[in-house]
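Next comes data-v3.txt, with compact mmCIF, C-alpha atoms.
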```
# COMPACT_ATOMS: atom_id res chain seq x y z
CA MET A 71 80.63 127.15 109.77
CA HIS A 72 81.56 123.50 110.12
CA ILE A 73 84.48 122.13 108.12
CA ALA A 74 84.90 118.36 108.35
CA ILE A 75 88.09 116.53 107.39
CA LEU A 76 87.26 112.94 106.48
CA THR A 77 89.96 110.79 108.02
CA PHE A 78 90.04 107.03 107.60
CA GLU A 79 92.07 104.13 108.96
CA GLY A 80 95.64 104.34 107.64
CA TYR A 81 95.31 108.10 107.13
CA ASN A 82 98.22 110.32 106.13
CA GLU A 83 98.97 112.72 108.98
CA LEU A 84 100.20 115.46 106.68
CA ASP A 85 96.99 115.45 104.67
CA SER A 86 94.54 115.65 107.57
CA LEU A 87 96.49 117.52 110.21
CA ILE A 88 98.13 120.28 108.15
CA ALA A 89 94.69 121.21 106.83
CA LEU A 90 93.34 121.06 110.39
CA GLY A 91 96.05 123.42 111.62
CA VAL A 92 95.66 125.96 108.82
CA LEU A 93 91.86 125.97 109.00
CA ASN A 94 91.96 126.54 112.74
CA ARG A 95 93.73 129.85 112.25
CA ILE A 96 90.22 131.26 111.91
CA LYS A 97 89.32 132.26 115.45
CA THR A 98 85.60 132.95 115.54
CA ASP A 99 82.90 131.30 117.61
CA GLU A 100 81.03 130.24 114.47
CA TRP A 101 84.02 128.42 112.94
CA ARG A 102 84.45 124.73 113.77
CA VAL A 103 86.89 122.26 112.22
CA THR A 104 86.60 118.56 112.99
CA ILE A 105 88.25 115.27 112.17
CA SER A 106 85.43 113.12 110.84
CA THR A 107 85.91 109.37 111.07
CA PRO A 108 83.89 106.18 110.48
CA GLY A 109 84.41 105.03 114.08
CA PRO A 110 85.56 106.25 117.51
CA LYS A 111 89.28 106.20 116.62
CA VAL A 112 91.52 105.87 113.57
CA THR A 113 95.21 105.02 113.35
CA SER A 114 97.48 106.69 110.82
CA MET A 115 99.87 105.02 108.42
CA ASN A 116 102.59 105.80 110.99
CA GLY A 117 100.69 104.73 114.10
CA VAL A 118 99.21 108.05 115.28
CA VAL A 119 95.82 107.43 116.89
CA ILE A 120 93.22 110.21 116.93
CA ASP A 121 89.72 110.36 118.32
CA GLN A 122 86.60 111.04 116.31
CA MET A 123 85.44 114.64 116.50
CA SER A 124 82.46 114.23 114.16
CA THR A 125 80.73 111.40 112.34
CA LEU A 126 80.56 110.86 108.59
CA GLU A 127 76.86 111.70 108.77
CA GLU A 128 77.70 115.05 110.39
CA ALA A 129 80.28 115.67 107.67
CA CYS A 130 77.59 115.26 105.03
CA ALA A 131 75.77 118.19 106.64
CA ALA A 132 78.91 120.36 107.01
CA ASP A 133 79.53 123.60 105.12
CA ALA A 134 82.80 122.24 103.73
CA VAL A 135 84.43 118.82 103.58
CA ILE A 136 87.98 117.69 102.89
CA VAL A 137 88.35 114.02 101.97
CA GLY A 138 91.70 113.04 103.40
CA SER A 139 94.18 110.55 102.02
CA GLY A 140 95.82 107.40 103.31
CA ILE A 141 97.19 103.97 102.53
CA ALA A 142 93.77 102.26 102.67
CA THR A 143 91.71 104.45 100.33
CA ARG A 144 91.06 101.59 97.92
CA GLU A 145 89.57 99.66 100.83
CA VAL A 146 87.49 102.71 101.78
CA VAL A 147 85.89 102.92 98.33
CA GLU A 148 85.00 99.20 98.56
CA ASP A 149 83.28 99.69 101.93
CA ARG A 150 79.56 99.89 101.16
CA ALA A 151 78.60 101.38 104.51
CA ILE A 152 81.10 104.22 104.22
CA MET A 153 80.33 104.97 100.59
CA ASN A 154 76.57 104.85 101.11
CA THR A 155 76.93 107.42 103.87
CA LEU A 156 79.18 109.61 101.74
CA ARG A 157 76.56 109.73 99.01
CA GLY A 158 75.09 112.45 101.21
CA LEU A 159 77.88 114.80 100.10
CA ASP A 160 76.41 117.46 97.84
CA PRO A 161 78.47 120.13 96.01
CA SER A 162 75.31 122.16 95.39
CA ARG A 163 75.31 123.11 99.08
CA GLN A 164 78.83 122.28 100.27
CA LEU A 165 82.43 122.95 99.37
CA ILE A 166 83.96 119.53 98.74
CA ALA A 167 87.71 119.05 98.51
CA ALA A 168 89.91 115.99 98.21
CA GLN A 169 93.53 115.54 99.16
CA CYS A 170 95.67 113.03 97.21
CA SER A 171 93.89 109.66 97.24
CA GLY A 172 90.73 111.39 98.46
CA ALA A 173 90.21 112.11 94.76
CA LEU A 174 89.53 108.40 94.28
CA VAL A 175 86.66 108.66 96.78
CA LEU A 176 85.16 111.58 94.86
CA ALA A 177 85.60 109.71 91.58
CA LYS A 178 83.81 106.63 92.90
CA LEU A 179 81.00 108.84 94.22
CA GLY A 180 80.57 110.31 90.74
CA LEU A 181 81.47 113.80 91.92
CA LEU A 182 84.28 114.19 89.37
CA ASP A 183 82.22 113.43 86.28
CA GLY A 184 83.56 115.80 83.63
CA ILE A 185 85.94 117.42 86.14
CA PRO A 186 89.72 116.86 86.00
CA ALA A 187 91.51 116.26 89.27
CA CYS A 188 94.82 116.49 91.07
CA THR A 189 96.14 113.58 93.11
CA ASP A 190 99.39 112.01 94.23
CA LEU A 191 101.54 109.93 91.92
CA THR A 192 100.67 106.62 93.61
CA THR A 193 96.93 107.19 93.31
CA ARG A 194 97.06 108.62 89.80
CA PRO A 195 96.53 105.31 87.90
CA TRP A 196 93.54 104.38 90.08
CA VAL A 197 91.87 107.75 89.48
CA VAL A 198 92.56 107.48 85.75
CA ALA A 199 91.08 103.96 85.76
CA ALA A 200 87.98 105.46 87.39
CA GLY A 201 87.57 107.61 84.28
CA VAL A 202 88.93 110.91 85.58
CA GLU A 203 91.57 113.05 83.86
CA VAL A 204 94.48 113.69 86.23
CA LEU A 205 96.34 116.99 85.95
CA ASN A 206 100.06 117.48 86.49
CA GLN A 207 99.62 120.32 88.97
CA PRO A 208 99.12 120.69 92.73
CA PHE A 209 95.63 122.20 92.84
CA TYR A 210 92.50 122.48 90.74
CA ALA A 211 88.94 123.54 91.48
CA LYS A 212 85.73 123.89 89.56
CA ASP A 213 82.74 125.52 91.21
CA ASN A 214 82.46 123.89 94.66
CA ILE A 215 84.82 120.95 94.11
CA ALA A 216 88.59 121.10 94.60
CA THR A 217 91.41 118.57 94.56
CA ALA A 218 95.08 118.73 95.52
CA GLY A 219 97.98 116.43 94.78
CA GLY A 220 100.95 115.91 97.09
CA CYS A 221 100.90 116.04 100.90
CA LEU A 222 102.35 119.54 101.07
CA ALA A 223 99.59 120.86 98.81
CA SER A 224 97.11 120.44 101.67
CA HIS A 225 97.46 124.10 102.64
CA TYR A 226 96.11 125.02 99.19
CA LEU A 227 92.87 123.21 99.98
CA ALA A 228 92.66 124.87 103.39
CA ALA A 229 93.33 128.32 101.95
CA TRP A 230 90.76 127.77 99.18
CA ILE A 231 88.11 126.86 101.74
CA ILE A 232 88.95 129.84 103.94
CA ALA A 233 88.90 132.20 100.95
CA ARG A 234 85.52 130.86 99.84
CA LEU A 235 83.94 131.01 103.29
CA GLU A 236 85.73 133.91 105.01
CA GLY A 237 87.44 135.90 102.26
CA ASN A 238 90.90 136.31 100.81
CA ASP A 239 92.25 138.38 103.70
CA ALA A 240 91.45 135.62 106.17
CA ALA A 241 93.09 133.04 103.91
CA GLU A 242 96.22 135.15 103.51
CA SER A 243 96.45 135.65 107.27
CA ALA A 244 96.23 131.90 107.85
CA LEU A 245 98.91 131.20 105.26
CA HIS A 246 101.14 133.94 106.68
CA TYR A 247 100.99 132.32 110.11
CA VAL A 248 102.16 128.89 108.91
CA ALA A 249 104.65 130.02 106.25
CA PRO A 250 108.37 129.65 107.01
CA VAL A 251 110.06 132.72 108.49
CA GLY A 252 112.02 134.58 105.84
CA GLU A 253 109.91 133.03 103.07
CA LYS A 254 106.45 134.27 103.94
CA GLU A 255 105.93 136.57 100.96
CA GLU A 256 107.26 133.97 98.53
CA TYR A 257 105.16 131.23 100.13
CA ILE A 258 101.95 133.25 100.04
CA GLU A 259 102.56 134.43 96.47
CA ARG A 260 102.99 130.83 95.30
CA ALA A 261 99.84 129.76 97.10
CA TRP A 262 97.77 132.54 95.51
CA ARG A 263 99.25 131.73 92.11
CA ASN A 264 97.82 128.23 92.43
CA ILE A 265 94.50 129.12 94.06
CA THR A 266 93.39 132.42 92.53
CA PRO A 267 92.46 131.08 89.06
CA TYR A 268 89.86 128.88 90.74
CA LEU A 269 88.22 131.44 93.01
CA PRO A 270 84.96 133.11 91.98
CA ALA A 271 85.41 136.49 90.30
CA PRO A 272 84.91 139.38 92.72
CA THR A 273 81.46 140.93 92.61
CA PRO A 274 81.71 144.47 91.15
CA ALA A 275 80.95 147.22 93.64
CA LEU A 276 77.73 149.11 93.11
CA ALA A 277 78.18 152.62 91.72
```
How does this structure look as structure tokens?
Amino acid sequence: MHIAILTFEGYNELDSLIALGVLNRIKTDEWRVTISTPGPKVTSMNGVVIDQMSTLEEACAADAVIVGSGIATREVVEDRAIMNTLRGLDPSRQLIAAQCSGALVLAKLGLLDGIPACTDLTTRPWVVAAGVEVLNQPFYAKDNIATAGGCLASHYLAAWIIARLEGNDAAESALHYVAPVGEKEEYIERAWRNITPYLPAPTPALA
């Protein structure tokens, strides 16, 4: 399984790196999580430079993709080369998630047609202007597309992806690891309260 986190110039560290940390709690040889960038390096909104781990083209072939957020997302959606590459994203064969202003990328790609979204308060008017209904909640998913609003909602996206690809037990274990000591049960319960309504119904066991 390859999970790619799209990370652009001016990225928000909390959006890309919290998801990276939670997703990497899965410790199997088949599980790979990468930071996917347009070029060899990107610099965050606070000056943190990270190297490319996968290309945008590789992300379009991944099993799951998180579109990260940042201060330059409006420039990203105006970049023809980037957007033409990202037209290879396909929710019929991939899980596709967007964090905060990443929802604007999905909107401009036409992936949110008829699907409401979550995003941060700054990005909200841009997503609305793109014709997408914005919800006042931290997480929403429909079928293979999910969005989250607010930097600290990034673990919801990570847990949703883990639950979809590896099962609820694996997602709960990952959340348990990162949750604050003394608040783990409360933290996990809140996460499931937000995620569970958007997970596929369990398949009934055969008699």
Legend entry - Nearby residues (only C-alpha atoms) at most 12 Å from A:Ile96, same-chain spacing under 4 positions excluded, as a list of chain:residue names: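 Returned residues: A:Met71, A:His72, A:Ile73, A:Leu90, A:Gly91, A:Val92, A:Glu100, A:Trp101, A:Arg102, A:Val103, A:Ala228, A:Ala229, A:Ile231, A:Ile232, A:Ala233, A:Leu235, A:Glu236, A:Gly237, A:Asp239, A:Ala240, A:Ala241, A:Glu242, A:Ser243, A:Ala244, A:Leu245, A:Tyr247.
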Inset, instruction - Work out how far apart atom CA of A:Pro250 and atom CA of A:Thr266 are and give it in Å to one decimal. - result: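 Separation of atom CA of A:Pro250 and atom CA of A:Thr266: 21.0 Å.
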Contact table stretch 127-220 of chain A vs stretch 105-108 of chain A, cut-off 12 Å, shortest pair per residue, all atoms listed in the file, as CSV:
```
residue,atom,partner,partner_atom,distance
A:Glu127,CA,A:Ser106,CA,8.9
A:Glu128,CA,A:Ser106,CA,8.0
A:Ala129,CA,A:Ser106,CA,6.6
A:Cys130,CA,A:Ser106,CA,10.0
A:Ala131,CA,A:Ser106,CA,11.7
A:Ala132,CA,A:Ser106,CA,10.5
A:Ala134,CA,A:Ser106,CA,11.9
A:Val135,CA,A:Ser106,CA,9.3
A:Ile136,CA,A:Ser106,CA,9.5
A:Val137,CA,A:Ser106,CA,9.4
A:Gly138,CA,A:Ile105,CA,9.7
A:Val146,CA,A:Pro108,CA,10.0
A:Asp149,CA,A:Pro108,CA,10.8
A:Ala151,CA,A:Pro108,CA,9.3
A:Ile152,CA,A:Pro108,CA,7.1
A:Met153,CA,A:Pro108,CA,10.6
A:Asn154,CA,A:Pro108,CA,12.0
A:Thr155,CA,A:Pro108,CA,9.7
A:Leu156,CA,A:Pro108,CA,10.5
```
Inset, instruction - Return the single residue from A:Cys221, A:Ala199, A:Ile120, A:Leu159 that is closest to A:Leu174, with distances computed using only C-alpha atoms. - result: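 Comparing A:Cys221, A:Ala199, A:Ile120, A:Leu159 against A:Leu174, the winner is A:Ala199.
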Inset, instruction - Just give me the gap between atom CA of A:Asn206 and atom CA of A:Val175 in Å, one decimal is fine. - result: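 Between these atoms lies a distance of 19.1 Å.
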Legend entry - Residues near A:Ser224, cut-off 12 Å, only C-alpha atoms, skip fewer than 5 positions along chain, as a ChimeraX atom specification: /A:75,82-93,136-139,167-170,172,188-190,208-209,216-219,229-231,245,261,265
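Separating atom CA of A:Leu269 from atom CA of A:Arg234 is a distance of 7.4 Å.
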Legend entry - Pick from A:Gly80, A:Ala200, A:Leu126, A:Pro270 nearest to A:Thr113, counting all atoms listed in the file: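 Selected residue with least distance to A:Thr113: A:Gly80.
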Inset, instruction - Would you kindly return, as a list in words, each protein, DNA or RNA residue with an atom no farther than 8 Å from any atom of A:Val197, considering all atoms listed in the file and excluding same-chain residues fewer than 5 positions away? - result: Ala173, Leu174, Ala177, Val202, Glu203 and Val204 of chain A
Inset, instruction - Write out as a ChimeraX atom specification which residues come within 9 Å of A:Ile141 when counting all atoms listed in the file, dropping same-chain ones fewer than 5 positions away. - result: /A:79-82,114-115,171
Legend entry - Minimum-distance residue to A:Gln122, chosen among A:Ala187, A:Pro195, A:Ala74, A:Val147 (using all atoms listed in the file):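 Under the stated criterion, the closest residue is A:Ala74.
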How would stretch 177-217 of chain A look written as a CSV table (one decimal), in the first residue's frame with C-alpha atoms?
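The resulting file, selection.csv, is shown below:
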```csv
chain,number,residue,atom,x,y,z
A,177,ALA,CA,-12.9,21.4,-6.0
A,178,LYS,CA,-10.9,22.8,-8.9
A,179,LEU,CA,-10.3,19.2,-10.1
A,180,GLY,CA,-14.1,18.6,-10.1
A,181,LEU,CA,-13.8,15.9,-7.5
A,182,LEU,CA,-16.2,17.5,-5.1
A,183,ASP,CA,-19.1,17.9,-7.6
A,184,GLY,CA,-22.2,17.2,-5.5
A,185,ILE,CA,-20.1,16.5,-2.4
A,186,PRO,CA,-20.0,18.8,0.6
A,187,ALA,CA,-16.6,19.4,2.2
A,188,CYS,CA,-14.8,20.4,5.3
A,189,THR,CA,-12.0,23.0,5.2
A,190,ASP,CA,-10.4,25.7,7.4
A,191,LEU,CA,-12.0,29.1,8.0
A,192,THR,CA,-9.6,31.0,5.8
A,193,THR,CA,-10.1,28.7,2.8
A,194,ARG,CA,-13.9,28.4,3.3
A,195,PRO,CA,-14.9,31.4,1.0
A,196,TRP,CA,-12.7,30.1,-1.8
A,197,VAL,CA,-14.2,26.7,-1.7
A,198,VAL,CA,-17.7,28.1,-1.6
A,199,ALA,CA,-16.8,30.3,-4.6
A,200,ALA,CA,-15.8,27.1,-6.4
A,201,GLY,CA,-19.3,25.9,-6.0
A,202,VAL,CA,-18.9,23.5,-3.1
A,203,GLU,CA,-21.0,23.4,0.1
A,204,VAL,CA,-18.7,23.8,3.2
A,205,LEU,CA,-19.8,22.0,6.4
A,206,ASN,CA,-19.2,23.3,9.9
A,207,GLN,CA,-17.6,20.2,11.1
A,208,PRO,CA,-14.1,18.7,11.2
A,209,PHE,CA,-14.5,15.7,9.0
A,210,TYR,CA,-16.7,14.4,6.2
A,211,ALA,CA,-16.4,11.6,3.7
A,212,LYS,CA,-18.5,10.1,0.9
A,213,ASP,CA,-17.4,6.9,-0.7
A,214,ASN,CA,-13.7,7.3,-1.4
A,215,ILE,CA,-13.4,11.0,-0.9
A,216,ALA,CA,-12.8,12.7,2.5
A,217,THR,CA,-12.1,16.2,3.7
```
